[in-house]
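Source file: start-v5.tsv; contents: TSV, C-alpha atoms and all ligand atoms.
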```
chain	number	residue	atom	x	y	z
A	21	MET	CA	2.39	-36.45	7.55
A	22	LYS	CA	2.98	-32.69	7.54
A	23	LEU	CA	1.89	-31.35	4.16
A	24	ALA	CA	4.07	-28.84	2.38
A	25	PHE	CA	1.32	-26.45	1.28
A	26	ARG	CA	-1.73	-25.09	3.03
A	27	ASN	CA	-5.00	-26.01	1.36
A	28	MET	CA	-6.55	-22.72	2.36
A	29	THR	CA	-10.17	-22.19	3.30
A	30	MET	CA	-11.82	-19.06	1.93
A	31	VAL	CA	-15.11	-17.36	2.71
A	32	PRO	CA	-17.37	-18.93	0.07
A	33	ARG	CA	-19.72	-15.96	-0.41
A	34	VAL	CA	-19.15	-12.22	-0.27
A	35	LEU	CA	-21.64	-9.47	-0.92
A	36	TYR	CA	-19.89	-6.15	-1.62
A	37	GLY	CA	-21.30	-2.68	-2.16
A	38	THR	CA	-22.31	0.60	-0.56
A	39	GLY	CA	-25.75	-0.09	0.88
A	40	ALA	CA	-25.33	-3.87	0.52
A	41	PHE	CA	-26.43	-4.30	4.15
A	42	ASP	CA	-30.04	-3.84	3.08
A	43	GLN	CA	-29.82	-7.03	1.02
A	44	LEU	CA	-29.27	-9.12	4.15
A	45	THR	CA	-32.81	-10.54	4.18
A	46	SER	CA	-32.22	-12.17	0.79
A	47	ILE	CA	-29.21	-13.97	2.29
A	48	LEU	CA	-30.83	-15.07	5.54
A	49	GLU	CA	-34.31	-16.18	4.54
A	50	PRO	CA	-33.22	-19.16	2.39
A	51	LYS	CA	-31.10	-20.30	5.35
A	52	ARG	CA	-33.91	-20.19	7.92
A	53	LEU	CA	-34.32	-23.78	9.12
A	54	ASN	CA	-37.84	-23.29	10.51
A	55	PRO	CA	-39.80	-20.51	12.23
A	56	ARG	CA	-38.59	-21.58	15.71
A	57	ALA	CA	-34.89	-21.67	14.74
A	58	PRO	CA	-33.88	-18.03	15.13
A	59	PHE	CA	-31.12	-15.94	13.67
A	60	ILE	CA	-28.97	-14.49	16.44
A	61	PHE	CA	-27.46	-11.07	15.71
A	62	LEU	CA	-24.40	-10.23	17.79
A	63	VAL	CA	-24.06	-6.47	17.48
A	64	ASP	CA	-21.44	-4.11	18.92
A	65	ASP	CA	-23.24	-2.10	21.61
A	66	VAL	CA	-21.86	1.13	20.13
A	67	PHE	CA	-24.84	0.81	17.76
A	68	THR	CA	-27.40	1.24	20.54
A	69	GLN	CA	-26.85	4.97	19.84
A	70	TYR	CA	-27.76	4.54	16.18
A	71	HIS	CA	-31.49	3.75	16.24
A	72	GLU	CA	-31.93	4.07	12.49
A	73	PHE	CA	-29.24	1.50	11.86
A	74	VAL	CA	-30.69	-0.93	14.41
A	75	GLN	CA	-34.07	-0.59	12.67
A	76	ARG	CA	-32.42	-1.83	9.47
A	77	ILE	CA	-31.37	-5.15	11.05
A	78	PRO	CA	-33.87	-7.58	9.50
A	79	ILE	CA	-35.27	-9.47	12.49
A	80	GLY	CA	-38.33	-11.71	12.12
A	81	TYR	CA	-39.94	-14.71	13.84
A	82	GLU	CA	-37.95	-15.44	17.05
A	83	ASP	CA	-34.74	-13.74	15.93
A	84	GLU	CA	-32.82	-11.90	18.61
A	85	ILE	CA	-30.35	-9.03	18.72
A	86	ILE	CA	-27.73	-9.44	21.46
A	87	PHE	CA	-25.68	-6.27	22.00
A	88	VAL	CA	-22.13	-6.99	23.12
A	89	SER	CA	-19.59	-4.70	24.72
A	90	THR	CA	-16.23	-4.34	23.00
A	91	LEU	CA	-14.57	-2.33	25.75
A	92	GLU	CA	-12.40	-5.39	26.34
A	93	GLU	CA	-11.17	-7.82	23.71
A	94	PRO	CA	-13.33	-10.97	23.51
A	95	THR	CA	-12.67	-13.73	26.05
A	96	THR	CA	-13.27	-17.47	26.10
A	97	ASN	CA	-15.63	-16.93	29.08
A	98	GLN	CA	-17.69	-14.45	27.10
A	99	VAL	CA	-18.07	-17.04	24.32
A	100	ASP	CA	-19.09	-19.76	26.80
A	101	GLU	CA	-21.66	-17.46	28.42
A	102	LEU	CA	-23.19	-16.48	25.08
A	103	VAL	CA	-23.41	-20.14	24.04
A	104	GLN	CA	-25.15	-21.02	27.34
A	105	GLN	CA	-27.53	-18.10	26.97
A	106	ILE	CA	-28.53	-19.22	23.46
A	107	ILE	CA	-28.85	-22.92	24.34
A	108	LEU	CA	-30.98	-22.23	27.43
A	109	LYS	CA	-33.30	-19.83	25.65
A	110	TYR	CA	-34.07	-21.69	22.43
A	111	LYS	CA	-35.38	-25.24	22.02
A	112	GLU	CA	-33.88	-25.46	18.55
A	113	MET	CA	-30.40	-24.85	17.24
A	114	PRO	CA	-30.39	-21.34	15.71
A	115	SER	CA	-30.62	-21.05	11.93
A	116	GLY	CA	-27.51	-18.93	12.00
A	117	ILE	CA	-25.52	-16.21	13.68
A	118	VAL	CA	-24.73	-12.77	12.26
A	119	GLY	CA	-21.92	-10.61	13.68
A	120	ILE	CA	-22.10	-6.84	13.16
A	121	GLY	CA	-19.09	-4.91	14.44
A	122	GLY	CA	-15.30	-4.79	14.37
A	123	GLY	CA	-12.69	-7.51	14.80
A	124	SER	CA	-13.92	-8.17	18.35
A	125	VAL	CA	-17.45	-8.98	17.21
A	126	MET	CA	-16.21	-10.90	14.15
A	127	ASP	CA	-14.18	-13.19	16.43
A	128	LEU	CA	-16.95	-13.59	19.01
A	129	THR	CA	-19.40	-14.55	16.28
A	130	LYS	CA	-17.11	-17.13	14.72
A	131	ALA	CA	-16.36	-18.64	18.14
A	132	VAL	CA	-20.01	-18.80	19.28
A	133	SER	CA	-20.96	-20.46	15.98
A	134	LEU	CA	-18.32	-23.15	16.60
A	135	LEU	CA	-19.02	-23.71	20.29
A	136	LEU	CA	-22.71	-24.31	19.57
A	137	THR	CA	-21.71	-27.49	17.72
A	138	ASN	CA	-18.48	-28.53	19.48
A	139	HIS	CA	-18.56	-29.81	23.08
A	140	GLY	CA	-16.69	-28.24	25.96
A	141	ASN	CA	-15.39	-24.72	26.47
A	142	ALA	CA	-13.93	-22.19	24.07
A	143	SER	CA	-10.53	-22.41	25.78
A	144	ASP	CA	-10.33	-26.13	24.84
A	145	TYR	CA	-10.03	-25.06	21.21
A	146	GLN	CA	-7.47	-22.26	21.40
A	147	GLY	CA	-4.71	-23.48	19.14
A	148	TRP	CA	-4.46	-24.99	15.71
A	149	ASP	CA	-6.97	-27.39	14.12
A	150	LEU	CA	-8.64	-28.62	17.29
A	151	ILE	CA	-12.23	-28.00	16.16
A	152	GLN	CA	-14.03	-31.18	15.03
A	153	ASN	CA	-17.39	-30.01	13.65
A	154	SER	CA	-18.50	-27.13	11.44
A	155	GLY	CA	-20.33	-24.39	13.30
A	156	ILE	CA	-23.81	-23.06	12.59
A	157	PHE	CA	-24.31	-20.83	9.52
A	158	SER	CA	-22.35	-17.65	10.19
A	159	VAL	CA	-22.32	-14.20	8.61
A	160	GLY	CA	-19.72	-11.50	9.25
A	161	ILE	CA	-20.55	-7.84	8.66
A	162	PRO	CA	-17.59	-5.61	9.54
A	163	THR	CA	-18.24	-2.03	10.68
A	164	ILE	CA	-14.60	-0.96	10.97
A	165	SER	CA	-11.78	-1.93	8.61
A	166	GLY	CA	-8.35	-3.35	9.21
A	167	THR	CA	-8.19	-6.59	11.17
A	168	GLY	CA	-9.06	-8.91	8.29
A	169	ALA	CA	-11.03	-10.94	10.88
A	170	GLU	CA	-13.87	-10.99	8.36
A	171	VAL	CA	-11.85	-13.27	6.09
A	172	SER	CA	-9.48	-15.14	8.41
A	173	ARG	CA	-9.60	-18.74	9.67
A	174	THR	CA	-9.09	-17.68	13.28
A	175	ALA	CA	-11.19	-16.32	16.15
A	176	VAL	CA	-8.76	-14.60	18.52
A	177	LEU	CA	-9.75	-14.86	22.20
A	178	LYS	CA	-8.25	-14.10	25.56
A	179	GLY	CA	-8.35	-17.30	27.61
A	180	PRO	CA	-7.40	-18.05	31.21
A	181	ASP	CA	-3.70	-18.45	30.35
A	182	ILE	CA	-3.16	-16.97	26.93
A	183	LYS	CA	-4.48	-14.83	24.10
A	184	LEU	CA	-4.70	-17.22	21.18
A	185	GLY	CA	-7.01	-17.90	18.27
A	186	ILE	CA	-9.27	-20.81	17.53
A	187	ASN	CA	-7.53	-21.55	14.23
A	188	SER	CA	-9.27	-24.06	11.99
A	189	ASP	CA	-10.75	-24.66	8.56
A	190	PHE	CA	-14.18	-24.51	10.23
A	191	THR	CA	-13.60	-21.01	11.66
A	192	THR	CA	-14.14	-18.92	8.50
A	193	PHE	CA	-17.52	-17.27	7.96
A	194	ASP	CA	-19.99	-18.83	5.52
A	195	GLN	CA	-20.93	-15.41	4.23
A	196	VAL	CA	-19.53	-11.89	4.53
A	197	VAL	CA	-21.24	-8.61	3.72
A	198	LEU	CA	-18.87	-5.73	2.95
A	199	ASP	CA	-20.71	-2.40	3.00
A	200	PRO	CA	-18.28	0.56	3.19
A	201	ASP	CA	-21.05	2.83	4.51
A	202	LEU	CA	-21.15	0.91	7.79
A	203	THR	CA	-17.75	2.31	8.78
A	204	ALA	CA	-18.79	5.97	8.35
A	205	ASP	CA	-18.98	6.84	12.07
A	206	VAL	CA	-15.73	5.32	13.34
A	207	SER	CA	-13.69	7.86	15.39
A	208	LYS	CA	-10.50	9.22	13.82
A	209	ASN	CA	-8.12	7.51	16.27
A	210	GLN	CA	-9.84	4.13	16.11
A	211	TRP	CA	-9.93	4.36	12.29
A	212	PHE	CA	-6.16	4.82	12.36
A	213	PHE	CA	-5.38	2.12	14.95
A	214	THR	CA	-7.46	-0.57	13.25
A	215	GLY	CA	-6.28	0.59	9.81
A	216	MET	CA	-2.70	0.24	10.98
A	217	ASP	CA	-3.44	-3.36	11.97
A	218	CYS	CA	-3.93	-3.98	8.25
A	219	PHE	CA	-0.80	-2.05	7.35
A	220	ILE	CA	1.20	-4.09	9.87
A	221	HIS	CA	-0.25	-7.36	8.55
A	222	CYS	CA	1.20	-6.35	5.18
A	223	VAL	CA	4.60	-5.34	6.60
A	224	GLU	CA	4.90	-8.65	8.43
A	225	SER	CA	3.63	-10.80	5.60
A	226	LEU	CA	5.75	-9.10	2.90
A	227	ASN	CA	8.91	-9.25	5.01
A	228	GLY	CA	8.39	-12.76	6.29
A	229	THR	CA	10.17	-15.97	5.38
A	230	PHE	CA	6.80	-17.65	4.70
A	231	LEU	CA	6.08	-15.25	1.83
A	232	ASN	CA	4.95	-16.73	-1.47
A	233	ALA	CA	3.52	-15.22	-4.66
A	234	PHE	CA	-0.06	-15.73	-3.44
A	235	SER	CA	0.35	-13.82	-0.18
A	236	GLN	CA	2.62	-11.27	-1.85
A	237	ALA	CA	0.06	-10.39	-4.53
A	238	HIS	CA	-2.61	-9.74	-1.89
A	239	GLY	CA	-0.22	-8.05	0.56
A	240	GLU	CA	1.21	-5.61	-1.99
A	241	LYS	CA	-2.21	-4.44	-3.11
A	242	ALA	CA	-3.36	-4.06	0.50
A	243	MET	CA	-0.23	-2.10	1.34
A	244	ALA	CA	-0.78	0.27	-1.62
A	245	LEU	CA	-4.41	0.84	-0.57
A	246	CYS	CA	-3.34	1.63	3.03
A	247	GLN	CA	-0.95	4.25	1.72
A	248	ASN	CA	-3.68	5.77	-0.44
A	249	VAL	CA	-5.99	6.00	2.54
A	250	PHE	CA	-3.53	7.35	5.09
A	251	LEU	CA	-1.23	9.48	2.94
A	252	LYS	CA	-3.46	10.99	0.25
A	253	SER	CA	-5.83	13.82	0.97
A	254	ALA	CA	-7.40	13.81	-2.52
A	255	LEU	CA	-9.60	10.78	-1.79
A	256	SER	CA	-13.20	11.37	-0.76
A	257	GLU	CA	-14.38	9.95	2.56
A	258	LEU	CA	-16.32	7.25	0.71
A	259	GLU	CA	-13.26	6.30	-1.34
A	260	LYS	CA	-11.24	5.99	1.87
A	261	ARG	CA	-13.87	3.74	3.38
A	262	GLU	CA	-14.05	1.60	0.23
A	263	GLN	CA	-10.29	1.29	-0.10
A	264	LEU	CA	-9.61	0.47	3.55
A	265	MET	CA	-12.35	-2.15	3.52
A	266	MET	CA	-10.68	-3.86	0.57
A	267	ALA	CA	-7.21	-3.45	2.11
A	268	SER	CA	-8.46	-5.20	5.26
A	269	TRP	CA	-9.75	-8.10	3.20
A	270	LEU	CA	-6.63	-8.46	1.04
A	271	GLY	CA	-4.30	-8.09	4.02
A	272	GLY	CA	-6.26	-10.82	5.79
A	273	VAL	CA	-5.91	-13.16	2.79
A	274	SER	CA	-2.22	-12.34	2.60
A	275	ILE	CA	-1.49	-13.39	6.21
A	276	ALA	CA	-3.80	-16.39	5.95
A	277	ASN	CA	-1.36	-17.87	3.47
A	278	SER	CA	1.78	-16.67	5.28
A	279	GLN	CA	1.90	-15.36	8.86
A	280	VAL	CA	2.26	-12.24	10.96
A	281	GLY	CA	5.51	-11.49	12.80
A	282	VAL	CA	7.35	-9.62	15.54
A	283	ALA	CA	4.85	-6.78	16.00
A	284	HIS	CA	1.96	-9.17	16.55
A	285	ALA	CA	3.94	-11.41	18.91
A	286	LEU	CA	4.78	-8.41	21.13
A	287	SER	CA	1.33	-6.88	20.79
A	288	TYR	CA	-0.32	-10.10	22.04
A	289	GLY	CA	1.77	-9.83	25.24
A	290	LEU	CA	0.73	-6.19	25.73
A	291	SER	CA	-2.89	-7.05	25.19
A	292	PHE	CA	-2.91	-9.96	27.65
A	293	VAL	CA	-1.09	-8.24	30.51
A	294	LYS	CA	-2.00	-4.57	30.04
A	295	GLY	CA	-5.39	-4.98	28.33
A	296	ILE	CA	-4.23	-2.81	25.42
A	297	LYS	CA	-6.41	-3.40	22.40
A	298	HIS	CA	-4.92	-4.99	19.32
A	299	GLY	CA	-4.76	-2.05	16.87
A	300	LEU	CA	-3.32	0.38	19.39
A	301	GLY	CA	-0.96	-2.29	20.74
A	302	ASN	CA	0.42	-2.88	17.25
A	303	CYS	CA	1.01	0.87	16.82
A	304	ILE	CA	2.85	1.08	20.16
A	305	VAL	CA	5.03	-1.88	19.22
A	306	ILE	CA	5.92	-1.00	15.63
A	307	GLU	CA	7.49	2.29	16.74
A	308	HIS	CA	10.34	0.18	18.17
A	309	LEU	CA	10.93	-2.36	15.43
A	310	ASP	CA	13.44	-0.58	13.16
A	311	ALA	CA	15.78	-3.53	13.57
A	312	TYR	CA	13.22	-5.94	12.10
A	313	TYR	CA	11.16	-3.82	9.71
A	314	PRO	CA	13.17	-0.68	8.81
A	315	GLU	CA	11.00	0.45	5.89
A	316	GLY	CA	7.75	-0.46	7.60
A	317	THR	CA	8.54	1.53	10.74
A	318	GLN	CA	9.52	4.59	8.65
A	319	LEU	CA	6.34	4.42	6.67
A	320	PHE	CA	4.31	3.96	9.85
A	321	ARG	CA	5.79	7.17	11.32
A	322	LYS	CA	5.03	9.03	8.11
A	323	MET	CA	1.36	8.00	8.28
A	324	ARG	CA	1.16	8.70	12.02
A	325	ASP	CA	2.46	12.24	11.49
A	326	TYR	CA	0.36	12.87	8.41
A	327	GLN	CA	-2.75	11.82	10.31
A	328	GLN	CA	-1.62	13.68	13.48
A	329	ILE	CA	-2.10	10.71	15.78
A	330	ASP	CA	-0.44	10.48	19.20
A	331	ILE	CA	0.79	7.05	20.19
A	332	PRO	CA	1.02	6.56	23.98
A	333	LYS	CA	4.48	6.24	25.49
A	334	GLY	CA	5.83	4.86	28.75
A	335	ILE	CA	3.18	2.17	29.06
A	336	CYS	CA	5.62	-0.42	30.42
A	337	GLU	CA	7.18	1.97	32.93
A	338	ASN	CA	5.64	0.54	36.08
A	339	LEU	CA	5.42	-3.11	35.17
A	340	SER	CA	6.26	-5.66	37.87
A	341	GLU	CA	8.78	-8.45	37.28
A	342	ASP	CA	5.91	-10.87	37.16
A	343	GLU	CA	4.12	-8.87	34.46
A	344	TYR	CA	7.29	-8.66	32.37
A	345	ARG	CA	7.70	-12.42	32.68
A	346	GLN	CA	4.12	-13.05	31.63
A	347	MET	CA	4.36	-10.71	28.64
A	348	THR	CA	7.61	-12.26	27.50
A	349	ARG	CA	6.20	-15.78	27.89
A	350	ILE	CA	3.19	-14.92	25.72
A	351	ALA	CA	5.29	-13.22	23.03
A	352	LEU	CA	7.92	-15.95	22.82
A	353	GLY	CA	5.26	-18.68	22.90
A	354	LEU	CA	4.05	-17.64	19.44
A	355	SER	CA	6.75	-19.54	17.58
A	356	PRO	CA	5.16	-19.51	14.07
A	357	LEU	CA	5.23	-15.69	14.18
A	358	TRP	CA	8.94	-15.58	15.06
A	359	GLU	CA	9.75	-18.26	12.55
A	360	ASN	CA	8.02	-16.25	9.84
A	361	ALA	CA	9.90	-13.10	10.85
A	362	LEU	CA	13.37	-14.56	11.40
A	363	GLY	CA	13.51	-18.03	9.92
A	364	LYS	CA	13.79	-21.52	11.39
A	365	ASN	CA	16.66	-20.57	13.69
A	366	TRP	CA	14.83	-17.65	15.25
A	367	GLN	CA	15.69	-18.83	18.76
A	368	SER	CA	19.33	-18.00	18.13
A	369	GLN	CA	18.33	-14.35	17.61
A	370	VAL	CA	15.53	-13.76	20.11
A	371	ASN	CA	15.28	-14.65	23.78
A	372	GLU	CA	13.73	-13.29	26.99
A	373	LYS	CA	16.33	-10.57	27.27
A	374	VAL	CA	15.76	-9.26	23.75
A	375	VAL	CA	12.00	-9.27	24.15
A	376	ARG	CA	12.14	-7.61	27.55
A	377	GLY	CA	14.50	-4.96	26.12
A	378	LEU	CA	11.91	-4.13	23.47
A	379	TYR	CA	9.08	-3.94	26.01
A	380	GLU	CA	11.15	-1.65	28.24
A	381	LYS	CA	11.32	0.93	25.44
A	382	MET	CA	7.54	1.11	25.01
A	401	LIG	P1	-13.01	-3.52	17.88
A	401	LIG	O1	-13.91	-4.50	17.25
A	401	LIG	O2	-12.55	-3.82	19.27
A	401	LIG	O3	-13.70	-2.09	17.85
A	401	LIG	C1	-12.96	-0.95	18.22
A	401	LIG	C2	-13.86	0.18	18.63
A	401	LIG	O4	-14.54	0.69	17.50
A	401	LIG	C3	-14.94	-0.27	19.61
A	401	LIG	O5	-15.08	0.72	20.60
A	401	LIG	C4	-16.19	-0.32	18.75
A	401	LIG	O6	-17.36	-0.08	19.52
A	401	LIG	C5	-15.93	0.78	17.76
A	401	LIG	N1	-16.65	0.66	16.49
A	401	LIG	C6	-16.73	-0.41	15.65
A	401	LIG	N2	-17.43	-0.11	14.56
A	401	LIG	C7	-17.84	1.18	14.70
A	401	LIG	C8	-18.61	2.07	13.88
A	401	LIG	N3	-19.06	1.72	12.68
A	401	LIG	N4	-18.83	3.32	14.36
A	401	LIG	C9	-18.34	3.73	15.55
A	401	LIG	N5	-17.58	2.92	16.35
A	401	LIG	C10	-17.35	1.66	15.92
A	401	LIG	O7	-11.71	-3.20	17.03
A	401	LIG	P2	-10.93	-3.90	15.87
A	401	LIG	O8	-9.64	-3.22	15.82
A	401	LIG	O9	-11.76	-4.02	14.64
A	401	LIG	O10	-10.75	-5.40	16.39
A	401	LIG	C11	-9.80	-5.74	17.37
A	401	LIG	C12	-9.98	-7.21	17.69
A	401	LIG	O11	-9.78	-7.97	16.52
A	401	LIG	C13	-8.99	-7.72	18.72
A	401	LIG	O12	-9.68	-8.48	19.68
A	401	LIG	C14	-8.03	-8.57	17.92
A	401	LIG	O13	-7.48	-9.63	18.66
A	401	LIG	C15	-8.93	-9.07	16.81
A	401	LIG	N6	-8.23	-9.45	15.57
A	401	LIG	C16	-8.62	-10.59	14.97
A	401	LIG	C17	-8.03	-11.00	13.79
A	401	LIG	C18	-8.49	-12.25	13.15
A	401	LIG	O14	-7.97	-12.63	12.10
A	401	LIG	N7	-9.45	-12.95	13.69
A	401	LIG	C19	-7.03	-10.23	13.20
A	401	LIG	C20	-6.65	-9.06	13.83
A	401	LIG	C21	-7.27	-8.66	15.02
A	402	ZN	ZN	-3.53	-7.92	13.56
```
Could I get this structure in the form of C-alpha cells?
Ligand code: NAD
Ligand code: ZN
Amino acid sequence: MKLAFRNMTMVPRVLYGTGAFDQLTSILEPKRLNPRAPFIFLVDDVFTQYHEFVQRIPIGYEDEIIFVSTLEEPTTNQVDELVQQIILKYKEMPSGIVGIGGGSVMDLTKAVSLLLTNHGNASDYQGWDLIQNSGIFSVGIPTISGTGAEVSRTAVLKGPDIKLGINSDFTTFDQVVLDPDLTADVSKNQWFFTGMDCFIHCVESLNGTFLNAFSQAHGEKAMALCQNVFLKSALSELEKREQLMMASWLGGVSIANSQVGVAHALSYGLSFVKGIKHGLGNCIVIEHLDAYYPEGTQLFRKMRDYQQIDIPKGICENLSEDEYRQMTRIALGLSPLWENALGKNWQSQVNEKVVRGLYEKM
C-alpha cells in the first residue's frame, strides 16, 4: 500500500559551532568497537595542502585517512573500489566512517557506509528504497555549504547508465558536525555555485506541487538566508559562512519532504553527458527557466551580477545527436522531479522536443 505521507528520517545527532570540529574525538571514541576496528576518514584531497587541518583529524589505533579526488562527481565504481580496499585491508568491520568535504565526499561516505553492509555493487542500489541493511556508523562533516547532502537521505552517484541517488531511510548520516570555520578557504566561484545549489533547492521546493507547510517553513528560511549571504555586503565573512551553512541544512530538509524540479532534472543530464558539476550545472540551467520559475530566475541573475560571477555559455553548441538523446533521456527519466514541478500531468507539458529546446539554449 502506498502511504500518503513520508515518515521522514532525520540525522539523529548534530554538533554545531565554530571550532566544533575539535570535539570530534568525544563523538568517535564511544563508538569505537575495539582497537582493531578502525575509523576510516574519507577526506577531500584539496586538504592535502592544509597540513594544520590534517593534523587536527583525530586518528588513533589503526584509523586511516583516505584522500579522495573530487575533480569528478562520485561514481558507483569509486564506491565499489573504496569498499574493496577497506574490506581487503582490515580483518574487522570498521567502527565507522567519517566524510570531510563537500557534497561529493558526503555522498561517497554515505554510499561506502552502506555498501560495507549490503551485498553487491553500488549501482544495484541506485533508486528508491532498495537498501536492506543499515550501514556502518557514519559521520558527515561538510567543508562547503549548499548541497544539503549532509542532511539528505540520498547519496547521488554516477553509475554506468545514469546519475541517480541511493535513496533510502538508511542513507542519512548518524552524526553531522557543522563547523562554519571549515568553509573558510572555498574559492569565490565555487562558494557561489554550491551556494546556488541551495538557493535552487528552495526555488524548486517552494514552487513545487509537493509543497507542504513543513517543507515551506524550512525552504523560506533557507531562501532568506541565501539572500542575506549573496545580496548583503554588511555581513562579516564568518556570518556569511554561518548563514550559508544553516541555509544548506534547511534547504536540504525542505527538499527531503518535497522534491526538486526542472533545474535539477536538466542539470543531471548535463552532469552525466558533459561532466559538468552539480552546482555549476544548476547555475547554467536556471538562466533559461523563466517559463517555470520566473521569480527565481530573476533573483538568481541579481545575485550573479551582485557577486560578479560569469556563467559559461554555449556549452551545448557542439553536442552530437547521440549526446542530446542521452541528456534528454536522463532528464525526462526523473519523473518525480517533473511531477513536483508541473503536477501529475507533466507529460502533457514536457517532452523530448521541449527538453532539447532548453538544452540548445545553454
Ligand atoms: P564538491 O564536493 O564537488 O566540491 C567542490 C570543490 O570545492 C572541490 O574542488 C573541492 O575540492 C572544493 N572544496 C570543498 N571544500 C573546500 C574547502 N573547505 N576549501 C577549499 N576547497 C574546498 O562540491 P559540492 O557542490 O559541495 O557537491 C557537489 C556534489 O554533491 C555533486 O556530486 C552532487 O551530485 C552532490 N549533491 C548531493 C546532494 C544530496 O542530497 N546527496 C544534493 C545536492 C548535490
Ligand atoms: Zn542540488
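The gap separating CA of Tyr326 in chain A from CA of Met266 in chain A is 21.5 Å, in Å to one decimal.
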Of A:Lys260, A:Lys294, A:Arg349, A:His221, the one nearest to Asn248 in chain A when counting only C-alpha atoms is A:Lys260
Distance limit 8 Å, reference ligand LIG 401 (chain A), atoms considered: only C-alpha atoms and all ligand atoms. Which residues make the cut? Give them as a count of residues only. 51
What separates CA of Cys336 in chain A and CA of Asn365 in chain A is a distance of 28.4 Å
Can you list, as a PyMOL selection string, every protein, DNA or RNA residue that comes within 10 Å of Asp83 in chain A when you count only C-alpha atoms, leaving out same-chain residues fewer than 3 positions away? chain A and resi 55-61+78-80+86+114-117
note - CA of Lys183 in chain A and CA of Val370 in chain A are separated by 20.4 Å
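Across A:Phe320, A:Phe230, A:Phe219, A:Tyr344, the tightest approach to ligand ZN 402 (chain A) is made by A:Phe219 when counting only C-alpha atoms and all ligand atoms.
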Can you pull out the residues contacting Asp325 in chain A? Cut-off 12 Å, using only C-alpha atoms, and skip same-chain residues under 5 positions away; I want them as JSON, numbers by chain. {"A": [212, 250, 251, 318, 319, 320, 330, 331]}
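Shortest separation to Arg26 in chain A among A:Leu339, A:Ala276, A:Ala244, A:Leu134 occurs at residue A:Ala276, atoms counted being only C-alpha atoms.
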Choose the residue, out of A:Ile296, A:Ile304, A:Cys218, A:Val197, that has the smallest atom-to-atom separation from Gly37 in chain A; count only C-alpha atoms. A:Val197
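Proximity ranking of A:Ser225, A:Asn277, A:Ser253, A:Asn360 relative to ligand ZN 402 (chain A) places A:Ser225 first, based on all atoms listed in the file.
Candidate residues A:Pro180, A:Pro200, A:Pro50, A:Gly140 were compared for distance to Phe157 in chain A, and the nearest is A:Pro50, using only C-alpha atoms.
Taking only C-alpha atoms into account, the polymer residues that have an atom no farther than 7 Å from (11.9, -11.2, 7.5) are Asn227, Gly228, Thr229, Asn360, Ala361 and Leu362 of chain A.
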Give me the residues within 7 Å of Val118 in chain A as a PyMOL selection string, counting only C-alpha atoms and dropping any in the same chain fewer than 5 places off. chain A and resi 60-62+129+158-160
With 5 Å added on each side, what axis-aligned box encloses every listed atom of range 119-133 of chain A? Give the centre and edge lengths in Å to one decimal, as lines of an AutoDock Vina configuration file.
```
center_x = -17.4
center_y = -12.6
center_z = 16.2
size_x = 19.4
size_y = 25.7
size_z = 16.1
```
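Residues with at least one atom no more than 6 Å from (-20.1, -18.6, 0.8), using all atoms listed in the file, are Val31, Pro32, Arg33, Asp194 and Gln195 of chain A.
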With C-alpha atoms retained, export the selected residues as a PDB file, in the coordinates of the input.
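Saved the output as selection-v2.pdb:
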```
ATOM      1  CA  VAL A  31     -15.110 -17.360   2.710  1.00  0.00           C
ATOM      2  CA  PRO A  32     -17.370 -18.930   0.070  1.00  0.00           C
ATOM      3  CA  ARG A  33     -19.720 -15.960  -0.410  1.00  0.00           C
ATOM      4  CA  ASP A 194     -19.990 -18.830   5.520  1.00  0.00           C
ATOM      5  CA  GLN A 195     -20.930 -15.410   4.230  1.00  0.00           C
TER       6      GLN A 195
END
```
If we count only C-alpha atoms, what is near Asp144 in chain A at a cut-off of 10 Å, once residues fewer than 3 positions away on the same chain are taken out, given as a PDB file with C-alpha atoms, keeping the file's coordinate frame?
```pdb
ATOM      1  CA  THR A  96     -13.270 -17.470  26.100  1.00  0.00           C
ATOM      2  CA  HIS A 139     -18.560 -29.810  23.080  1.00  0.00           C
ATOM      3  CA  GLY A 140     -16.690 -28.240  25.960  1.00  0.00           C
ATOM      4  CA  ASN A 141     -15.390 -24.720  26.470  1.00  0.00           C
ATOM      5  CA  GLY A 147      -4.710 -23.480  19.140  1.00  0.00           C
ATOM      6  CA  LEU A 150      -8.640 -28.620  17.290  1.00  0.00           C
ATOM      7  CA  ILE A 151     -12.230 -28.000  16.160  1.00  0.00           C
ATOM      8  CA  GLY A 179      -8.350 -17.300  27.610  1.00  0.00           C
ATOM      9  CA  ILE A 186      -9.270 -20.810  17.530  1.00  0.00           C
TER      10      ILE A 186
END
```
